[in-house]
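The file data_17.cif comes next; it holds mmCIF, C-alpha atoms.
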data_start
loop_
_atom_site.label_atom_id
_atom_site.label_comp_id
_atom_site.auth_asym_id
_atom_site.auth_seq_id
_atom_site.Cartn_x
_atom_site.Cartn_y
_atom_site.Cartn_z
CA MET P 533 49.13 75.57 174.99
CA LEU P 534 51.70 74.42 172.48
CA THR P 535 50.62 71.36 170.47
CA TYR P 536 50.95 70.05 166.91
CA THR P 537 49.52 72.43 164.33
CA PRO P 538 49.17 71.23 160.72
CA GLY P 539 51.24 73.23 158.26
CA GLU P 540 53.31 73.20 155.09
CA THR P 541 56.62 74.47 156.47
CA LEU P 542 59.93 72.70 155.87
CA ALA P 543 59.91 71.46 159.48
CA HIS P 544 56.49 69.90 158.96
CA ARG P 545 57.74 67.97 155.91
CA LEU P 546 60.84 66.50 157.59
CA ASP P 547 61.02 62.90 158.76
CA PRO P 548 60.32 62.67 162.53
CA ARG P 549 63.41 60.48 163.13
CA GLY P 550 65.72 63.21 161.83
CA LYS P 551 63.92 65.83 163.95
CA LEU P 552 64.15 63.69 167.10
CA ALA P 553 67.87 63.16 166.42
CA VAL P 554 68.42 66.93 166.02
CA GLN P 555 66.74 67.59 169.38
CA PHE P 556 69.02 65.20 171.23
CA GLY P 557 72.13 66.29 169.28
CA PHE P 558 71.25 69.92 169.99
CA ALA P 559 70.83 69.24 173.72
CA ILE P 560 74.26 67.54 173.85
CA ALA P 561 75.84 70.46 171.97
CA VAL P 562 74.25 73.08 174.25
CA PHE P 563 75.00 71.40 177.58
CA ALA P 564 78.54 70.27 176.68
CA GLY P 565 79.73 73.45 174.94
CA PRO P 566 81.14 76.67 176.48
CA ALA P 567 78.86 79.60 177.29
CA VAL P 568 80.53 82.20 175.05
CA PRO P 569 80.43 82.44 172.04
CA TRP P 570 78.91 78.98 171.54
CA LEU P 571 75.65 79.58 173.44
CA PRO P 572 74.56 82.66 171.41
CA ALA P 573 75.25 80.65 168.23
CA MET P 574 73.09 77.80 169.55
CA LEU P 575 70.35 80.28 170.47
CA ALA P 576 70.46 81.64 166.91
CA LEU P 577 70.18 78.07 165.56
CA ALA P 578 67.23 77.43 167.91
CA VAL P 579 65.45 80.57 166.70
CA GLY P 580 66.13 79.37 163.14
CA CYS P 581 64.41 76.06 164.01
CA LEU P 582 61.39 77.99 165.35
CA LEU P 583 61.17 80.04 162.15
CA LEU P 584 61.50 76.89 159.99
CA ALA P 585 58.52 75.47 161.87
CA GLY P 586 56.52 78.69 161.38
CA LEU P 587 56.46 79.46 165.10
CA SER P 588 57.26 82.86 166.61
CA VAL P 589 59.73 83.30 169.47
CA TRP P 590 56.97 85.04 171.44
CA ARG P 591 54.64 82.01 171.17
CA ALA P 592 57.39 79.66 172.29
CA LEU P 593 58.18 81.92 175.25
CA ARG P 594 54.48 82.14 176.17
CA ALA P 595 54.05 78.35 175.95
CA TYR P 596 56.90 77.73 178.39
CA TRP P 597 56.38 80.75 180.67
CA VAL P 598 56.13 78.70 183.87
CA VAL P 599 59.45 76.96 183.15
CA LEU P 600 61.02 80.32 182.33
CA VAL P 601 59.82 81.76 185.65
CA VAL P 602 61.39 78.78 187.50
CA LEU P 603 64.59 79.25 185.48
CA SER P 604 64.71 82.96 186.28
CA LEU P 605 64.59 82.12 190.00
CA GLY P 606 67.97 80.45 189.52
CA PRO P 607 70.19 83.56 189.21
CA VAL P 608 68.01 85.63 191.59
CA LEU P 609 67.94 83.16 194.49
CA GLY P 610 71.38 81.80 193.58
CA ALA P 611 73.00 85.18 194.31
CA VAL P 612 71.31 85.64 197.70
CA THR P 613 73.08 84.31 200.79
CA ILE P 614 71.70 83.89 204.29
CA GLY P 615 73.98 86.21 206.22
CA PRO P 616 76.72 88.62 205.06
CA PRO P 617 77.55 89.55 202.36
CA TRP P 618 73.84 88.84 201.51
CA ILE P 619 74.42 89.07 197.74
CA GLN P 620 77.12 87.25 195.80
CA PRO P 621 76.83 88.34 192.15
CA GLU P 622 79.33 85.75 190.86
CA ARG P 623 77.11 82.91 192.16
CA GLY P 624 74.14 84.49 190.41
CA LEU P 625 76.20 84.64 187.21
CA ASP P 626 77.14 80.96 187.53
CA SER P 627 73.46 80.15 187.83
CA LEU P 628 72.61 82.39 184.85
CA ARG P 629 75.17 80.59 182.67
CA SER P 630 73.54 77.30 183.67
CA VAL P 631 69.86 78.21 183.19
CA ALA P 632 70.55 80.07 179.91
CA ARG P 633 71.37 76.71 178.30
CA VAL P 634 67.81 75.46 178.78
CA VAL P 635 66.20 78.24 176.74
CA PRO P 636 67.52 77.21 173.26
CA VAL P 637 66.66 73.56 174.04
CA LEU P 638 63.11 74.68 174.87
CA PHE P 639 62.92 76.53 171.54
CA VAL P 640 64.02 73.49 169.52
CA SER P 641 61.56 71.23 171.33
CA ALA P 642 58.79 73.81 170.73
CA ALA P 643 59.59 73.66 166.98
CA PHE P 644 59.37 69.84 167.11
CA VAL P 645 56.10 69.79 169.07
CA HIS P 646 54.56 72.38 166.72
CA SER P 647 55.54 70.55 163.53
CA THR P 648 55.27 66.83 164.36
CA PRO P 649 52.01 64.89 164.88
CA VAL P 650 52.16 62.32 167.70
CA ARG P 651 51.37 59.46 165.28
CA GLU P 652 54.60 60.24 163.39
CA THR P 653 56.62 60.21 166.61
CA ARG P 654 54.99 56.91 167.48
CA ALA P 655 56.05 55.47 164.11
CA ALA P 656 59.56 56.88 164.62
CA ILE P 657 59.83 55.24 168.06
CA GLN P 658 58.51 51.94 166.75
CA ARG P 659 60.90 51.97 163.77
CA THR P 660 63.92 53.06 165.79
CA VAL P 661 63.65 51.04 169.03
CA PRO P 662 64.26 47.43 168.01
CA GLY P 663 62.26 44.33 168.85
CA ARG P 664 59.08 43.79 170.78
CA PHE P 665 59.96 46.49 173.31
CA GLY P 666 59.89 49.07 170.50
CA GLN P 667 56.56 47.67 169.28
CA LEU P 668 55.01 47.98 172.73
CA LEU P 669 56.42 51.49 173.20
CA GLY P 670 55.04 52.63 169.83
CA VAL P 671 51.58 51.19 170.43
CA GLY P 672 51.62 52.39 174.05
CA VAL P 673 52.44 55.99 173.08
CA ALA P 674 49.65 56.04 170.47
CA LEU P 675 47.09 54.54 172.88
CA THR P 676 48.11 56.79 175.80
CA PHE P 677 47.67 59.85 173.58
CA ARG P 678 44.25 58.53 172.58
CA PHE P 679 43.11 57.92 176.19
CA ILE P 680 44.23 61.20 177.80
CA PRO P 681 41.04 63.12 176.80
CA VAL P 682 38.88 60.15 177.90
CA VAL P 683 40.51 59.98 181.36
CA ARG P 684 40.37 63.79 181.66
CA GLU P 685 36.61 63.65 181.04
CA ASP P 686 36.26 60.84 183.64
CA LEU P 687 38.08 62.97 186.21
CA ARG P 688 35.94 66.02 185.43
CA ARG P 689 32.76 63.98 185.99
CA ILE P 690 34.10 62.54 189.26
CA ARG P 691 35.03 66.00 190.49
CA GLU P 692 31.58 67.38 189.63
CA ALA P 693 29.87 64.40 191.31
CA VAL P 694 31.95 64.88 194.48
CA LEU P 695 31.17 68.62 194.50
CA ALA P 696 27.45 67.98 193.89
CA ARG P 697 27.41 65.85 197.05
CA GLY P 698 29.07 68.51 199.19
CA GLY P 699 32.51 66.94 198.83
CA GLU P 700 34.34 70.25 199.22
CA ARG P 701 33.32 70.25 202.91
CA ARG P 702 35.00 66.87 203.54
CA PRO P 703 38.52 66.74 205.02
CA LEU P 704 41.40 66.82 202.50
CA ARG P 705 42.41 63.20 203.00
CA ASP P 706 38.86 61.94 202.44
CA ARG P 707 38.30 64.20 199.44
CA ALA P 708 41.61 63.41 197.70
CA GLY P 709 41.25 59.68 198.49
CA ARG P 710 37.72 59.59 197.09
CA ILE P 711 38.63 61.36 193.84
CA THR P 712 41.78 59.27 193.32
CA THR P 713 40.10 55.93 194.04
CA LEU P 714 37.24 56.66 191.66
CA ALA P 715 39.56 57.91 188.92
CA LEU P 716 41.74 54.84 189.32
CA ALA P 717 38.78 52.43 189.35
CA ARG P 718 37.39 53.95 186.17
CA SER P 719 40.80 53.84 184.49
CA MET P 720 41.32 50.18 185.41
CA ALA P 721 37.85 49.34 184.10
CA ARG P 722 38.78 51.08 180.86
CA ALA P 723 42.07 49.13 180.79
CA ASP P 724 40.12 45.86 180.99
CA ARG P 725 37.86 46.93 178.13
CA LEU P 726 40.87 48.08 176.09
CA SER P 727 42.55 44.73 176.65
CA VAL P 728 39.48 42.84 175.37
CA ALA P 729 39.15 45.24 172.42
CA LEU P 730 42.81 44.79 171.41
CA GLN P 731 42.52 41.01 171.52
CA ALA P 732 39.24 41.11 169.57
CA ARG P 733 41.10 43.01 166.85
CA CYS P 734 43.96 40.48 166.69
CA PHE P 735 46.57 42.78 168.29
CA ALA P 736 49.77 41.36 166.80
CA TRP P 737 53.55 41.71 166.94
CA ASN P 738 53.68 42.15 163.15
CA PRO P 739 51.21 44.92 162.24
CA THR P 740 51.24 47.20 159.19
CA LEU P 741 52.98 50.45 160.14
CA PRO P 742 52.52 53.91 158.62
CA ARG P 743 55.15 54.59 155.97
CA LEU P 744 58.15 56.77 156.83
CA SER P 745 60.74 57.61 154.22
CA PHE P 746 63.89 59.72 154.14
CA ALA P 747 64.08 62.49 151.51
CA PRO P 748 67.50 64.02 150.64
CA VAL P 749 66.84 66.92 153.05
CA ASP P 750 66.29 64.42 155.90
CA TYR P 751 69.83 63.10 155.43
CA ALA P 752 71.07 66.70 155.79
CA VAL P 753 69.04 66.99 159.02
CA LEU P 754 70.55 63.72 160.28
CA ALA P 755 74.04 64.99 159.45
CA LEU P 756 73.29 68.18 161.42
CA ALA P 757 72.16 66.04 164.38
CA ALA P 758 75.37 63.99 164.24
CA GLY P 759 77.48 67.16 163.95
CA LEU P 760 75.78 68.69 166.98
CA ALA P 761 76.12 65.51 169.01
CA LEU P 762 79.84 65.35 168.22
CA SER P 763 80.44 69.09 168.78
CA PRO P 764 81.67 68.59 172.40
CA LEU P 765 84.82 67.08 170.80
CA LEU P 766 85.65 70.65 169.69
CA TRP P 767 86.12 71.71 173.30
CA LEU P 768 88.40 68.88 174.38
CA MET O 996 48.24 41.63 143.64
CA SER O 997 51.24 43.85 144.29
CA GLN O 998 50.78 44.03 148.06
CA GLU O 999 52.56 41.41 150.12
CA TYR O 1000 51.17 39.89 153.26
CA SER O 1001 53.13 38.12 155.95
CA ASP O 1002 52.53 34.40 156.27
CA SER O 1003 50.94 34.50 159.70
CA VAL O 1004 49.74 36.90 162.33
CA ASP O 1005 51.88 36.72 165.48
CA LEU O 1006 49.34 37.53 168.21
CA VAL O 1007 50.42 39.26 171.43
CA ASN O 1008 49.54 37.00 174.38
CA ALA O 1009 46.62 37.90 176.65
CA GLY O 1010 48.75 38.64 179.74
CA THR O 1011 50.94 41.14 177.88
CA VAL O 1012 47.88 42.82 176.35
CA ALA O 1013 46.29 43.16 179.82
CA TYR O 1014 49.43 44.74 181.34
CA LEU O 1015 49.98 46.98 178.30
CA SER O 1016 46.37 48.22 178.64
CA GLY O 1017 46.89 48.88 182.34
CA ALA O 1018 50.16 50.72 181.65
CA VAL O 1019 48.47 52.86 178.98
CA LEU O 1020 45.60 53.89 181.26
CA ILE O 1021 47.88 54.63 184.23
CA ALA O 1022 50.12 56.72 181.94
CA ALA O 1023 47.03 58.63 180.73
CA LEU O 1024 45.84 59.05 184.34
CA THR O 1025 49.29 60.36 185.37
CA ALA O 1026 49.10 62.87 182.52
CA VAL O 1027 45.67 64.06 183.65
CA LEU O 1028 46.52 64.13 187.37
CA ALA O 1029 49.64 66.22 186.59
CA GLN O 1030 47.27 69.06 185.60
CA PHE O 1031 44.85 68.49 188.49
CA SER O 1032 44.79 70.03 191.94
CA ILE O 1033 42.26 70.92 194.63
CA ASP O 1034 42.47 74.10 196.64
CA LEU O 1035 43.23 73.83 200.33
CA PRO O 1036 41.99 76.49 202.77
CA GLY O 1037 43.95 79.66 202.00
CA GLY O 1038 44.07 78.86 198.28
CA VAL O 1039 47.15 76.58 198.50
CA PRO O 1040 46.90 74.03 195.65
CA PHE O 1041 47.11 70.32 196.54
CA SER O 1042 48.62 68.70 193.45
CA PHE O 1043 47.72 65.15 192.40
CA GLN O 1044 50.86 64.63 190.28
CA PRO O 1045 52.66 61.90 192.33
CA PHE O 1046 49.59 59.65 192.56
CA GLY O 1047 50.13 58.40 189.01
CA VAL O 1048 53.68 57.24 189.83
CA PHE O 1049 52.54 55.66 193.09
CA PHE O 1050 49.73 53.70 191.47
CA ALA O 1051 51.88 52.64 188.50
CA GLY O 1052 54.20 50.78 190.88
CA VAL O 1053 51.53 49.53 193.29
CA LEU O 1054 49.04 48.27 190.69
CA LEU O 1055 51.29 47.19 187.82
CA GLY O 1056 54.44 46.00 189.59
CA PRO O 1057 58.05 46.91 188.78
CA ILE O 1058 58.26 46.14 185.07
CA TRP O 1059 54.93 47.42 183.81
CA GLY O 1060 54.85 50.26 186.34
CA GLY O 1061 58.18 51.53 185.02
CA PHE O 1062 56.98 50.96 181.45
CA SER O 1063 53.86 53.02 182.17
CA MET O 1064 55.93 55.98 183.36
CA LEU O 1065 58.18 55.62 180.30
CA LEU O 1066 55.04 55.96 178.17
CA TYR O 1067 54.08 59.11 180.10
CA LEU O 1068 57.53 60.57 179.47
CA LEU O 1069 57.55 59.67 175.76
CA VAL O 1070 54.04 61.03 175.15
CA GLY O 1071 55.22 64.33 176.64
CA ILE O 1072 58.38 64.31 174.52
CA ALA O 1073 56.25 63.50 171.46
CA GLY O 1074 54.32 66.71 172.04
CA ALA O 1075 51.22 65.89 174.09
CA PRO O 1076 50.81 68.61 176.75
CA VAL O 1077 51.07 66.21 179.70
CA PHE O 1078 53.68 67.80 181.96
CA SER O 1079 52.75 70.36 184.65
CA ASN O 1080 50.91 73.42 183.36
CA GLY O 1081 50.15 71.71 180.05
CA THR O 1082 53.71 71.78 178.73
CA ALA O 1083 55.45 69.27 176.41
CA GLY O 1084 58.72 68.56 174.66
CA VAL O 1085 62.31 67.46 175.26
CA GLY O 1086 63.05 70.96 176.59
CA ILE O 1087 60.90 70.29 179.66
CA VAL O 1088 62.61 66.95 180.33
CA LEU O 1089 66.01 68.64 180.11
CA GLY O 1090 64.79 71.66 182.10
CA PRO O 1091 64.94 72.25 185.88
CA THR O 1092 62.17 69.79 186.81
CA GLY O 1093 63.18 67.17 184.22
CA GLY O 1094 64.97 65.05 186.81
CA PHE O 1095 61.68 64.51 188.61
CA LEU O 1096 60.01 63.39 185.37
CA ILE O 1097 62.82 60.94 184.55
CA SER O 1098 62.89 59.68 188.14
CA TYR O 1099 59.25 58.55 187.80
CA VAL O 1100 60.37 55.58 185.66
CA PHE O 1101 62.79 54.36 188.34
CA ALA O 1102 60.49 55.29 191.23
CA ALA O 1103 57.54 53.32 189.82
CA ALA O 1104 59.81 50.31 189.24
CA ALA O 1105 61.20 50.55 192.79
CA ILE O 1106 57.74 50.97 194.34
CA GLY O 1107 56.56 47.88 192.44
CA LEU O 1108 59.61 45.87 193.46
CA VAL O 1109 59.36 46.72 197.17
CA ALA O 1110 55.56 46.45 197.40
CA HIS O 1111 55.25 43.19 195.42
CA ARG O 1112 58.66 41.73 196.42
CA SER O 1113 58.80 40.13 192.97
CA LEU O 1114 58.96 41.09 189.30
CA ASP O 1115 55.49 39.60 188.81
CA PRO O 1116 52.78 41.71 190.46
CA VAL O 1117 50.29 40.16 192.88
CA GLY O 1118 46.67 41.30 193.37
CA VAL O 1119 46.04 44.58 195.20
CA ASP O 1120 44.13 42.74 197.96
CA ASP O 1121 47.25 40.64 198.69
CA LEU O 1122 49.53 43.64 199.21
CA PRO O 1123 50.50 44.27 202.86
CA ALA O 1124 50.21 47.87 204.10
CA VAL O 1125 53.80 47.79 205.40
CA GLY O 1126 55.17 46.72 202.00
CA VAL O 1127 53.16 49.38 200.17
CA THR O 1128 54.26 52.08 202.62
CA ALA O 1129 57.91 51.01 202.34
CA GLY O 1130 57.64 50.97 198.55
CA LEU O 1131 56.14 54.46 198.41
CA VAL O 1132 58.78 55.86 200.79
CA VAL O 1133 61.57 54.30 198.70
CA GLY O 1134 59.92 55.58 195.50
CA SER O 1135 59.61 59.12 196.89
CA ALA O 1136 63.23 59.01 198.04
CA ILE O 1137 64.29 58.06 194.49
CA ILE O 1138 62.20 60.91 193.04
CA TYR O 1139 64.00 63.42 195.28
CA ALA O 1140 67.41 61.72 194.92
CA ILE O 1141 67.29 62.22 191.14
CA GLY O 1142 65.12 65.35 190.94
CA VAL O 1143 66.85 67.61 193.47
CA PRO O 1144 70.48 67.26 192.19
CA TRP O 1145 69.15 67.71 188.64
CA PHE O 1146 67.27 70.85 189.71
CA ALA O 1147 70.41 72.15 191.45
CA GLU O 1148 72.55 71.46 188.36
CA VAL O 1149 70.22 73.19 185.89
CA GLN O 1150 69.60 76.16 188.20
CA GLY O 1151 73.31 76.47 188.96
CA TRP O 1152 72.61 76.17 192.70
CA THR O 1153 74.34 74.27 195.48
CA LEU O 1154 72.65 71.03 196.50
CA PRO O 1155 71.63 72.24 200.01
CA ARG O 1156 69.99 75.33 198.50
CA ALA O 1157 68.01 73.23 196.00
CA ALA O 1158 67.07 70.77 198.77
CA GLY O 1159 65.84 73.65 200.94
CA PHE O 1160 63.75 74.96 198.05
CA MET O 1161 62.16 71.55 197.48
CA ALA O 1162 61.68 70.58 201.16
CA PRO O 1163 58.11 71.97 201.51
CA PHE O 1164 56.96 69.67 198.70
CA ALA O 1165 58.06 66.63 200.72
CA VAL O 1166 55.39 67.42 203.33
CA GLY O 1167 52.65 67.20 200.69
CA ASP O 1168 54.17 63.97 199.38
CA ALA O 1169 54.01 62.41 202.86
CA VAL O 1170 50.26 63.16 202.92
CA LYS O 1171 49.93 61.60 199.45
CA ILE O 1172 51.74 58.46 200.59
CA ALA O 1173 49.29 58.16 203.50
CA ILE O 1174 46.32 58.61 201.15
CA THR O 1175 47.68 56.00 198.71
CA VAL O 1176 48.26 53.45 201.49
CA GLY O 1177 44.73 54.14 202.75
CA ILE O 1178 43.32 53.41 199.30
CA VAL O 1179 45.12 50.14 198.61
CA ALA O 1180 46.04 48.64 201.98
CA GLY O 1181 44.06 45.57 202.89
CA GLY O 1182 42.45 45.46 199.45
CA ASN O 1183 39.99 47.74 197.73
CA GLU O 1184 37.07 46.15 195.95
CA LEU O 1185 36.99 49.00 193.44
CA LEU O 1186 40.55 48.19 192.32
CA GLU O 1187 40.39 44.40 192.13
CA ARG O 1188 40.90 43.13 188.60
CA PRO O 1189 39.41 39.91 187.19
#

Structure translated into structure tokens:
Amino acid sequence: MLTYTPGETLAHRLDPRGKLAVQFGFAIAVFAGPAVPWLPAMLALAVGCLLLAGLSVWRALRAYWVVLVVLSLGPVLGAVTIGPPWIQPERGLDSLRSVARVVPVLFVSAAFVHSTPVRETRAAIQRTVPGRFGQLLGVGVALTFRFIPVVREDLRRIREAVLARGGERRPLRDRAGRITTLALARSMARADRLSVALQARCFAWNPTLPRLSFAPVDYAVLALAAGLALSPLLWL
Amino acid sequence: MSQEYSDSVDLVNAGTVAYLSGAVLIAALTAVLAQFSIDLPGGVPFSFQPFGVFFAGVLLGPIWGGFSMLLYLLVGIAGAPVFSNGTAGVGIVLGPTGGFLISYVFAAAAIGLVAHRSLDPVGVDDLPAVGVTAGLVVGSAIIYAIGVPWFAEVQGWTLPRAAGFMAPFAVGDAVKIAITVGIVAGGNELLERP
């Protein structure tokens, strides 16, 4: 599983806002540009991002193997027709040109995930999205991240309790309904407790945020993001 | 003292805190359910993924339900392994199944709007079964309306081919709609909030 791993690489030291911008700029550049020779150049840039984050291509491929299997179905099933001529290679090639664009985007997002802690992304969201909506998004992302393991543990306990009572012999509808209702009830009870806890701690619209600051290299990263986002103009 | 403090603390009101907390927990539950399945006879997995979207709209209403799914999406983009098979990142959102993930935001909002018939949610025990069913059908239609063309575009397939590929999943979703209506219709004492 690909998650944040602490490190000292250049990618780890960059400001999360610049890295988020590069991801979106990169995606625009990849999807809006021509397949050849632009796509191989983008793939090389994506591999460069992986290396800057200290992540091997193999690990990125392994992390996204399910997506890659789905993508590989594209050209295979795309070329098959029901009825003569049964196989149309040019349709498979069209599909290949389309799915190949996703791979470099996956690599760049793997580099981001590997080198950026969620709390930094939260701060980036909160600093970038203006107003109270941005505040709620930032706090919401941080709290959701915090509660995922708690809810996962709740669900594990519910599943074990249902199994211990012979639940696997119940019909599907009863079994799924039981598990979902209990998981939901526990989550809503936790939501009520979280709400009280936030108010007890004076949850405010003007909190003290973690510091984020741009170093000279971050401006270079931002310029790269802008260049990538504007690259479709080259093909007009 | 070099540190500066603001003049006053601007507290978030109790209603917003309550809905934010609900949105956070439903987003976390969606993330967990996306990894969860039970095996049907013959080893076919029965995925719990859509339940999070359904409950976001039904329990939180259009605004906070949509917000909850936006949180789920952002947590995944930020790097938490919350998408199917424990994946994360912008690459997944822009990949073949990304349309389904993005559609959750709109689907939850639509489910909330149809089920509650207002921007302000009412209690679960006041929701009519017909409204909830209609909301879930509309929500599922939105999920497929965004997800399938997206899938076709990324895979380089024609729309009918992508729709044919995705059709079997619609059967499972119909069962999940029935289960969800069964849980909430006519009230459920486990889900009533103070």

Report task. For O:His1111, list every protein, DNA or RNA residue within 8 Å, evaluated using only C-alpha atoms, and leave out those in the same chain fewer than 4 positions away; present the list as an NGL selection string. Result -> :O and (1053 or 1056 or 1107 or 1115-1117 or 1122 or 1126)

Report summary line: One residue among O:Gly1074, O:Val1127, O:Asn1008, O:Ile1141 is nearest to chain P when using all atoms listed in the file, and that residue is O:Gly1074

Run the PyMOL selection byres ((chain P) within 6 of (chain O)) mentally over the shown coordinates, then write out the matched residues as a compact mmCIF listing (two decimals) with C-alpha atoms, in the frame of the given file, using the chain letters and numbers from the document.
# COMPACT_ATOMS: atom_id res chain seq x y z
CA GLY P 606 67.97 80.45 189.52
CA GLY P 610 71.38 81.80 193.58
CA SER P 627 73.46 80.15 187.83
CA SER P 630 73.54 77.30 183.67
CA VAL P 631 69.86 78.21 183.19
CA VAL P 634 67.81 75.46 178.78
CA VAL P 637 66.66 73.56 174.04
CA LEU P 638 63.11 74.68 174.87
CA SER P 641 61.56 71.23 171.33
CA VAL P 645 56.10 69.79 169.07
CA VAL P 650 52.16 62.32 167.70
CA THR P 653 56.62 60.21 166.61
CA GLY P 672 51.62 52.39 174.05
CA VAL P 673 52.44 55.99 173.08
CA THR P 676 48.11 56.79 175.80
CA ILE P 680 44.23 61.20 177.80
CA ARG P 684 40.37 63.79 181.66
CA GLY P 709 41.25 59.68 198.49
CA ALA P 717 38.78 52.43 189.35
CA SER P 719 40.80 53.84 184.49
CA ALA P 723 42.07 49.13 180.79
CA SER P 727 42.55 44.73 176.65
CA PHE P 735 46.57 42.78 168.29
CA ALA P 736 49.77 41.36 166.80
CA TRP P 737 53.55 41.71 166.94

Query raised in the report: Which distance in Å separates atom CA of O:Val1166 and atom CA of O:Leu1108, to one decimal?
Result: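 Calculated distance between atom CA of O:Val1166 and atom CA of O:Leu1108 is 24.1 Å.
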
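In this model, the gap between atom CA of P:Pro572 and atom CA of P:Trp597 comes to 20.5 Å.
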
Requested in this report: Rounded to one decimal place, report the atom CA of P:Ala559-atom CA of P:Val608 distance in Å.
Outcome: 24.4 Å

Requested in this report: Could you tell me which residues the PyMOL selection byres ((chain O and resi 1104) around 9) returns for this structure, as number ranges by chain?
Outcome: O: 1051-1052, 1056-1062, 1099-1103, 1105-1109, 1134

Report task. Could you give me, as a ChimeraX atom specification, the residues within 8 Å of P:Ala611, counting only C-alpha atoms and dropping anything in the same chain fewer than 5 positions from it? Result -> /P:619-625

Requested in this report: I would like the residues chosen by the PyMOL selection byres ((chain P and resi 560) around 12) on the shown file; could you give them as a list in words?
Outcome: Ala553, Val554, Gln555, Phe556, Gly557, Phe558, Ala559, Ala561, Val562, Phe563, Ala564, Gly565, Pro566, Met574, Arg633, Val634, Pro636, Val637, Ala757, Ala758, Gly759, Leu760, Ala761, Leu762, Ser763, Pro764 and Leu765 of chain P; Leu1089 of chain O

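Across O:Leu1096, O:Ile1172, O:Ala1165, O:Leu1154, the tightest approach to O:Thr1128 is made by O:Ile1172 when counting all atoms listed in the file.
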
Residue rebuild result stretch 583-595 of chain P, N, CA and C atoms as a tab-separated table (two decimals), in the coordinates of the input:
chain	number	residue	atom	x	y	z
P	583	LEU	N	61.64	79.39	163.38
P	583	LEU	CA	61.17	80.04	162.15
P	583	LEU	C	60.87	79.00	161.07
P	584	LEU	N	61.73	77.95	160.99
P	584	LEU	CA	61.50	76.89	159.99
P	584	LEU	C	60.19	76.16	160.26
P	585	ALA	N	59.77	76.13	161.52
P	585	ALA	CA	58.52	75.47	161.87
P	585	ALA	C	57.33	76.43	161.81
P	586	GLY	N	57.59	77.70	161.47
P	586	GLY	CA	56.52	78.69	161.38
P	586	GLY	C	55.98	79.10	162.75
P	587	LEU	N	56.87	79.13	163.74
P	587	LEU	CA	56.46	79.46	165.10
P	587	LEU	C	57.24	80.69	165.56
P	588	SER	N	56.55	81.65	166.17
P	588	SER	CA	57.26	82.86	166.61
P	588	SER	C	57.95	82.62	167.95
P	589	VAL	N	59.00	83.40	168.19
P	589	VAL	CA	59.73	83.30	169.47
P	589	VAL	C	58.76	83.63	170.61
P	590	TRP	N	57.92	84.60	170.41
P	590	TRP	CA	56.97	85.04	171.44
P	590	TRP	C	56.05	83.89	171.84
P	591	ARG	N	55.56	83.13	170.84
P	591	ARG	CA	54.64	82.01	171.17
P	591	ARG	C	55.37	80.92	171.94
P	592	ALA	N	56.62	80.68	171.56
P	592	ALA	CA	57.39	79.66	172.29
P	592	ALA	C	57.63	80.11	173.73
P	593	LEU	N	57.94	81.41	173.91
P	593	LEU	CA	58.18	81.92	175.25
P	593	LEU	C	56.90	81.83	176.09
P	594	ARG	N	55.76	82.16	175.45
P	594	ARG	CA	54.48	82.14	176.17
P	594	ARG	C	54.11	80.71	176.57
P	595	ALA	N	54.40	79.75	175.67
P	595	ALA	CA	54.05	78.35	175.95
P	595	ALA	C	54.82	77.82	177.15
